[in-house]
Amino acid sequence: MATAKGPNPDAETVQVLRDVANRLRIHSIRATCAWGSGTPAACCSAADVVSVLFFHTMRYRPAEPRHPANDRFVLSQAPAAPLIAAAWAEAGHRGGEEAYPARRTDGDGQGRPTPPRLPLARADAAPGWLGPGLGAACGLAFAGKYLDQASYRVFCLLGDGEAAAGSVWEALAFAAQYNLDNLVAVFHVGLAGPSGAASPEQRAHACRQRSEAFGWNTYSVDGHDVEELCQAFWQAAQVKNKPTAVIARAFQVPEGAEGWHGKPVPQEKAEAVIRAIESRIKTDLRLTPRPPAEDPPQVHVNHVKMASPPAYKLGEKIATGKASGVALAKLGHAHKRVVVLDSDTKNSTFSEIFKKEHPERFVECLMAEQNMVSVALGCAARGRTIAFASASAALFTRAFDQIRLGATSDSNVNLIGSHCGVSFGEDGPYQMALEDLAMFRSIPNCTIFYPSDAVSTEHAVRLAASTKGMCFIRTSRTETAVIYAPHEHFEVGKAKVIYHGAHDKITVIGAGVTLHEALAAADDLFQQGISVRVIDLFTIKPLDAATIIYNAKATGGRIITVEDHYREGGLGEAVCAAVSGEPDIQVHRLAVTEPSRSGKPGELLDVFGLSARHIIAAVKYNLMS
């Protein structure tokens, strides 16, 4: 057993690396045959790259794959997942079926590397269907270089086909912008390229030109020559202030495995292919990865608390969007691992307040929302930071793939969406988020906060920082009055009954700006002798169904929901789902029913039927029915 070291491996190490690559090929073929699915051609083609990375270049503890000092590896070329499972099995000196665990509901052999479902949680991010992996690697590298200030390096394996994705271009620009010299992207250029693409040689040349154009240090190597690969990765470690791209030209696959892209080698051919590969294995020696430098700081990101309660006065007017920026800056003083990302909208999302007070922990991602979310996922990986990403909520629709993959990875990333609803006003419908609740409600284990004043906004930010899983905080541009005292207690999944009496006839449910319209309507109706109950949901998901049902039954089984959002997928539908098992409860929904337009916030709320006068009319209509 030997330990790999030095840029130029000796002859014995070269042969062992070749032998490891061939064992990885065998494991990959057997795994895809056992599963009845997979891409053995891609696995076999990239085997030499993975052999050199895992057994010569990377520094890590195989028995502790989540050790904070380990080098990071992100698989963006998701079809090569069987190859990476085999590499981890080889690194742990385990063979047999553990190299290709079953692809079943209770097995570890997932079709794509998914952190909570891989053995020992070895993956840092789920790449999904190609593309987002490099952005997540950028986040890991940013955290390592600027926050941990540690020695660990980040390696990302991509296929050249996914290099056409805009998210990859965004990540290339980001890495150069932040001088991520601890990041190495390996573009694996195999025979099986994108549909209708140029020759492999032309594709490799294009990858090199693209990387160089973005300001990356770039090497083009024979992806099957382990000596060239060792030298390239060693040279990358010597480069300062530039990320490195290694273009690995890997045009060979084992004879008999050609053309098997997206499907396993037929069982009757597989054994012949395996025997041919076995004949090239000359040793049974193993290589032990070098241990990492033990220099990352100890980090604890649980149970985050603010140093003081919110400093707002009842009746004071402030937009929840601005309050979120103030809360982030305050949270940054409370915990040194809070990092905030923005997509060139910091003046309108108010994340500029955080930047002013904590410039070293503010990450400007420019107008690249897909990459911003991926970078945030990388920053949050392994619990190294408390990551918040701010943008216009409408622009998160561009990053929906990255968001859903964040949920698949069980990421603790926090997203703040501003410019919500028709109450955004004069700037028009292109920025008005009217679909965001529907989008985030569809994400498993995503907590959705919808605060209605500055105090509840600060509590939402505080709670999101300590809540497991993805969080989305919906904020508004319109200034609204503070309705909660600084010491008001808030919990995830607990609504607030903020206006009630002994003779309430109907329950009105709102959130954000519509809660204030509901309160205005309640005051007016009280003057008319009609008593209504008003509920502030605070979190749309999880929803406080018990409070909704109890108060609905106390008010004659009548509910009115008011939301600055399209009818589909929003607050109203969430309430309807919560009371669906209660036949005596009826829900009347007020929501935006058509595309919006420019106008003053109050006028638009009235035009779309969300203002106090429309709530009053709905109350009277329901009481007469």
# chains A, B, ... in the order shown; residues from 1 in each chain; ligands from 1
>>> closest_atom_pairs(of="segment 273-371 of chain A", to="segment 65-74 of chain A", cutoff="12 Å", atoms="only C-alpha atoms", output="CSV")
residue,atom,partner,partner_atom,distance
A:Pro289,CA,A:Asn70,CA,10.6
A:Arg290,CA,A:Asn70,CA,10.0
A:Pro291,CA,A:Asn70,CA,7.9
A:Pro292,CA,A:Asn70,CA,5.6
A:Ala293,CA,A:Ala69,CA,6.3
A:Glu294,CA,A:Ala69,CA,5.7
A:Asp295,CA,A:Ala69,CA,6.7
A:Pro296,CA,A:Ala69,CA,5.9
A:Pro297,CA,A:Pro68,CA,8.6
A:Gln298,CA,A:Pro68,CA,8.5
A:Val299,CA,A:Pro68,CA,9.4
>>> write_last_selection(atoms="N, CA, C and O atoms", output="CSV table (one decimal), in the first residue's frame")
chain,number,residue,atom,x,y,z
A,289,PRO,N,-5.0,8.0,-0.2
A,289,PRO,CA,-5.0,9.4,-0.3
A,289,PRO,C,-4.3,10.1,0.8
A,289,PRO,O,-4.3,9.7,1.9
A,290,ARG,N,-3.6,11.2,0.5
A,290,ARG,CA,-2.9,12.0,1.5
A,290,ARG,C,-3.9,12.6,2.4
A,290,ARG,O,-5.0,13.1,2.0
A,291,PRO,N,-3.6,12.7,3.7
A,291,PRO,CA,-4.5,13.4,4.6
A,291,PRO,C,-4.5,14.9,4.4
A,291,PRO,O,-3.5,15.5,3.9
A,292,PRO,N,-5.6,15.6,4.7
A,292,PRO,CA,-5.7,17.0,4.5
A,292,PRO,C,-4.9,17.8,5.6
A,292,PRO,O,-4.6,17.3,6.6
A,293,ALA,N,-4.7,19.1,5.3
A,293,ALA,CA,-4.2,20.0,6.3
A,293,ALA,C,-5.3,20.4,7.2
A,293,ALA,O,-6.5,20.7,6.8
A,294,GLU,N,-5.1,20.3,8.5
A,294,GLU,CA,-6.1,20.5,9.5
A,294,GLU,C,-6.2,22.0,9.9
A,294,GLU,O,-6.0,22.4,11.0
A,295,ASP,N,-6.6,22.8,8.9
A,295,ASP,CA,-6.6,24.2,9.2
A,295,ASP,C,-8.0,25.0,9.1
A,295,ASP,O,-8.0,26.2,9.3
A,296,PRO,N,-9.1,24.3,8.7
A,296,PRO,CA,-10.4,25.0,8.7
A,296,PRO,C,-10.8,25.3,10.2
A,296,PRO,O,-10.6,24.5,11.1
A,297,PRO,N,-11.4,26.5,10.4
A,297,PRO,CA,-11.9,26.8,11.8
A,297,PRO,C,-13.1,25.9,12.2
A,297,PRO,O,-13.8,25.4,11.3
A,298,GLN,N,-13.3,25.7,13.4
A,298,GLN,CA,-14.5,25.0,13.9
A,298,GLN,C,-15.7,26.0,13.7
A,298,GLN,O,-15.6,27.2,14.1
A,299,VAL,N,-16.8,25.4,13.2
A,299,VAL,CA,-17.9,26.3,12.9
A,299,VAL,C,-19.2,25.6,13.5
A,299,VAL,O,-19.4,24.4,13.4
>>> residues_around(residues="Val619 of chain A", least_positions_apart="6", cutoff="12 Å", atoms="only C-alpha atoms", output="number ranges by chain")
A: 504-509, 518, 521-522, 524-526, 530-534, 555, 558-562, 587-590, 612-613, 625
>>> closest_residue(among="A:Asp284, A:Asp544, A:Glu64, A:Asp48", to="Leu229 of chain A", atoms="only C-alpha atoms")
A:Asp48
>>> select_by_dssp(residues="segment 187-436 of chain A", states="helix (DSSP H, G or I)", output="MDAnalysis selection string")
chainID A and resid 200:213 226:238 267:278 320:334 346:349 352:357 359:361 369:383 393:408 422:424 436
>>> residues_around(residues="segment 420-433 of chain A", least_positions_apart="5", cutoff="7 Å", atoms="only C-alpha atoms", output="NGL selection string")
:A and (393-394 or 475-478 or 564-565 or 596-602 or 604-605)
>>> closest_residue(among="A:Ala42, A:Ala236, A:Leu172, A:Val413", to="Cys365 of chain A", atoms="only C-alpha atoms")
A:Leu172
>>> residues_around(residues="segment 332-335 of chain A", least_positions_apart="5", cutoff="9 Å", atoms="only C-alpha atoms", output="ChimeraX atom specification")
/A:301,304-307,327,354,357-358,361,386
>>> write_last_selection(atoms="N, CA and C atoms", output="PDB file, in the first residue's frame")
ATOM      1  N   VAL A 301     -23.335  26.539  13.458  1.00  0.00           N
ATOM      2  CA  VAL A 301     -24.332  27.425  12.860  1.00  0.00           C
ATOM      3  C   VAL A 301     -25.743  27.125  13.355  1.00  0.00           C
ATOM      4  N   VAL A 304     -29.190  30.109  16.173  1.00  0.00           N
ATOM      5  CA  VAL A 304     -28.765  31.495  15.987  1.00  0.00           C
ATOM      6  C   VAL A 304     -29.739  32.428  16.702  1.00  0.00           C
ATOM      7  N   LYS A 305     -29.199  33.384  17.415  1.00  0.00           N
ATOM      8  CA  LYS A 305     -30.023  34.339  18.156  1.00  0.00           C
ATOM      9  C   LYS A 305     -29.582  35.762  17.859  1.00  0.00           C
ATOM     10  N   MET A 306     -30.558  36.669  17.829  1.00  0.00           N
ATOM     11  CA  MET A 306     -30.246  38.095  17.721  1.00  0.00           C
ATOM     12  C   MET A 306     -29.794  38.606  19.088  1.00  0.00           C
ATOM     13  N   ALA A 307     -28.948  39.619  19.068  1.00  0.00           N
ATOM     14  CA  ALA A 307     -28.441  40.171  20.327  1.00  0.00           C
ATOM     15  C   ALA A 307     -29.491  40.994  21.066  1.00  0.00           C
ATOM     16  N   ALA A 327     -32.491  43.420   9.107  1.00  0.00           N
ATOM     17  CA  ALA A 327     -32.379  42.191   9.907  1.00  0.00           C
ATOM     18  C   ALA A 327     -31.145  41.386   9.526  1.00  0.00           C
ATOM     19  N   PHE A 354     -26.474  45.146   4.584  1.00  0.00           N
ATOM     20  CA  PHE A 354     -25.544  44.106   5.050  1.00  0.00           C
ATOM     21  C   PHE A 354     -24.153  44.362   4.473  1.00  0.00           C
ATOM     22  N   GLU A 357     -22.106  46.980   6.323  1.00  0.00           N
ATOM     23  CA  GLU A 357     -21.627  46.614   7.655  1.00  0.00           C
ATOM     24  C   GLU A 357     -20.737  45.370   7.664  1.00  0.00           C
ATOM     25  N   HIS A 358     -20.881  44.502   6.627  1.00  0.00           N
ATOM     26  CA  HIS A 358     -20.102  43.257   6.575  1.00  0.00           C
ATOM     27  C   HIS A 358     -19.608  43.022   5.146  1.00  0.00           C
ATOM     28  N   ARG A 361     -18.346  39.601   3.820  1.00  0.00           N
ATOM     29  CA  ARG A 361     -19.264  38.458   3.752  1.00  0.00           C
ATOM     30  C   ARG A 361     -20.422  38.717   2.795  1.00  0.00           C
ATOM     31  N   ILE A 386     -24.145  30.334   7.147  1.00  0.00           N
ATOM     32  CA  ILE A 386     -25.587  30.580   7.134  1.00  0.00           C
ATOM     33  C   ILE A 386     -25.819  31.486   5.939  1.00  0.00           C
TER      34      ILE A 386
END
>>> residues_around(residues="Glu212 of chain A", least_positions_apart="6", cutoff="12 Å", atoms="only C-alpha atoms", output="list of chain:residue names")
A:Leu172, A:Ala173, A:Ala176, A:His205, A:Ala206, A:Thr218, A:Tyr219, A:Ser220, A:Lys242, A:Pro243, A:Thr244, A:Ala245, A:Val246, A:Ile247
>>> closest_residue(among="A:Arg249, A:Arg208, A:Arg18, A:Arg153", to="Lys282 of chain A", atoms="only C-alpha atoms")
A:Arg18
>>> closest_residue(among="A:Phe233, A:Tyr312, A:Phe400, A:Phe187", to="Val168 of chain A", atoms="only C-alpha atoms")
A:Phe187
